[in-house]
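*Asks:* Input: one structure, supplied below.
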Amino acid sequence: MKVTISSSFHGRELTVNIKNHYKSESFDPVAALDYEIYDRGRDAKYAQRKIREIKAALCGSSDCQCGFNVVEVI
């Protein structure tokens with residue numbers, strides 16, 4: 001699935017592909033990725049890699065703490 005994510009702090013927007021099983025009624029896809037990392041699930045390495053990719057693209061740094069929001073799930 002494709003997800004459009006924005007960082008209002010940096011004024012940037014990004015559309016990324018995320019595995020379909022991160023689509024959830026309870027969480028947005030980025031929160032589901034974060035939960036996978038927190039829970040150390042079987043797909044945690046993928047989730048860590050995807051979160052780093054998103055942060056690097058939106059913020060320019062993988063260790064930025066600005067946060068971001070899901071705009072649209074396609």
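Ligands are numbered from 1 in the order shown, chains are lettered A, B, ... in the order of the structure tokens, and residues start at 1 in each chain.
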Where in chain A does DSSP assign strand (DSSP E or B), given as a ChimeraX atom specification?
*Replies:* /A:2-7,12-17,69-73
*Asks:* Can you tell me which residues surround Lys2 of chain A at a distance of at most 10 Å, considering only C-alpha atoms, apart from same-chain residues fewer than 6 positions away, and format the answer as a VMD selection string?
*Replies:* chain A and resid 15 to 20 29 72 to 74
*Asks:* I'd like to know which of A:Ser24, A:Leu33, A:Met1, A:Ser6 is closest to Lys50 of chain A, using only C-alpha atoms.
*Replies:* A:Leu33
*Asks:* Determine, counting only C-alpha atoms, which protein, DNA and RNA residues have an atom within 8 Å of an atom of Ala47 of chain A; residues of the same chain fewer than 3 positions away are not included. Present the result as a compact mmCIF listing (two decimals) with N, CA and C atoms, in the first residue's frame.
*Replies:*
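Written out: out28.txt:
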# COMPACT_ATOMS: atom_id res chain seq x y z
N LEU A 33 3.94 0.43 12.28
CA LEU A 33 5.38 0.16 12.16
C LEU A 33 6.08 0.38 13.50
N ASP A 34 5.75 1.49 14.16
CA ASP A 34 6.33 1.77 15.48
C ASP A 34 6.00 0.66 16.48
N GLU A 36 5.33 -2.46 15.80
CA GLU A 36 6.08 -3.66 15.42
C GLU A 36 7.50 -3.60 16.01
N ILE A 37 8.10 -2.42 15.99
CA ILE A 37 9.43 -2.24 16.59
C ILE A 37 9.35 -2.40 18.10
N ASP A 43 8.59 -8.93 12.09
CA ASP A 43 8.91 -8.02 10.98
C ASP A 43 9.56 -6.74 11.49
N ALA A 44 10.16 -6.78 12.68
CA ALA A 44 10.71 -5.58 13.31
C ALA A 44 11.86 -4.96 12.51
N LYS A 50 12.15 0.85 7.50
CA LYS A 50 11.16 1.74 6.87
C LYS A 50 11.05 3.06 7.63
N ILE A 51 11.03 3.01 8.97
CA ILE A 51 10.96 4.24 9.77
C ILE A 51 12.20 5.10 9.52
*Asks:* Name all residues at most 9 Å from segment 53-68 of chain A (count only C-alpha atoms; drop same-chain ones fewer than 2 positions away) and give them as a list of chain:residue names.
*Replies:*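 Surrounding residues, per the criterion: A:Ile5, A:Ser6, A:Ser7, A:Ser8, A:Phe9, A:His10, A:Gly11, A:Arg12, A:Glu13, A:Leu14, A:Val16, A:Gln48, A:Arg49, A:Lys50, A:Ile51, A:Val70.
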*Asks:* Kindly save the residues from that selection, with C-alpha atoms included, as a PDB file, in the first residue's frame.
*Replies:*
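Output file again24.pdb is given in full below:
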ATOM      1  CA  ILE A   5       3.273  11.201   5.199  1.00  0.00           C
ATOM      2  CA  SER A   6       4.012  14.813   6.088  1.00  0.00           C
ATOM      3  CA  SER A   7       6.256  16.684   8.487  1.00  0.00           C
ATOM      4  CA  SER A   8       4.730  20.049   9.340  1.00  0.00           C
ATOM      5  CA  PHE A   9       7.943  21.074  11.133  1.00  0.00           C
ATOM      6  CA  HIS A  10      10.036  20.624   7.975  1.00  0.00           C
ATOM      7  CA  GLY A  11       7.235  21.397   5.518  1.00  0.00           C
ATOM      8  CA  ARG A  12       7.821  18.212   3.529  1.00  0.00           C
ATOM      9  CA  GLU A  13       5.601  15.433   2.253  1.00  0.00           C
ATOM     10  CA  LEU A  14       6.523  11.932   1.103  1.00  0.00           C
ATOM     11  CA  VAL A  16       6.156   5.556   0.438  1.00  0.00           C
ATOM     12  CA  GLN A  48      13.017  -0.197  11.666  1.00  0.00           C
ATOM     13  CA  ARG A  49      14.389   0.137   8.144  1.00  0.00           C
ATOM     14  CA  LYS A  50      11.163   1.736   6.868  1.00  0.00           C
ATOM     15  CA  ILE A  51      10.959   4.245   9.766  1.00  0.00           C
ATOM     16  CA  VAL A  70      -0.075  10.184   7.897  1.00  0.00           C
TER      17      VAL A  70
END
*Asks:* Could you state the separation of atom CA of Tyr38 of chain A and atom CA of Arg52 of chain A in Å, given to one decimal place?
*Replies:*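 Pair atom CA of Tyr38 of chain A / atom CA of Arg52 of chain A returns 14.5 Å.
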*Asks:* Any idea what the distance is between atom CA of Arg40 of chain A and atom CA of Thr4 of chain A?
*Replies:* 24.8 Å
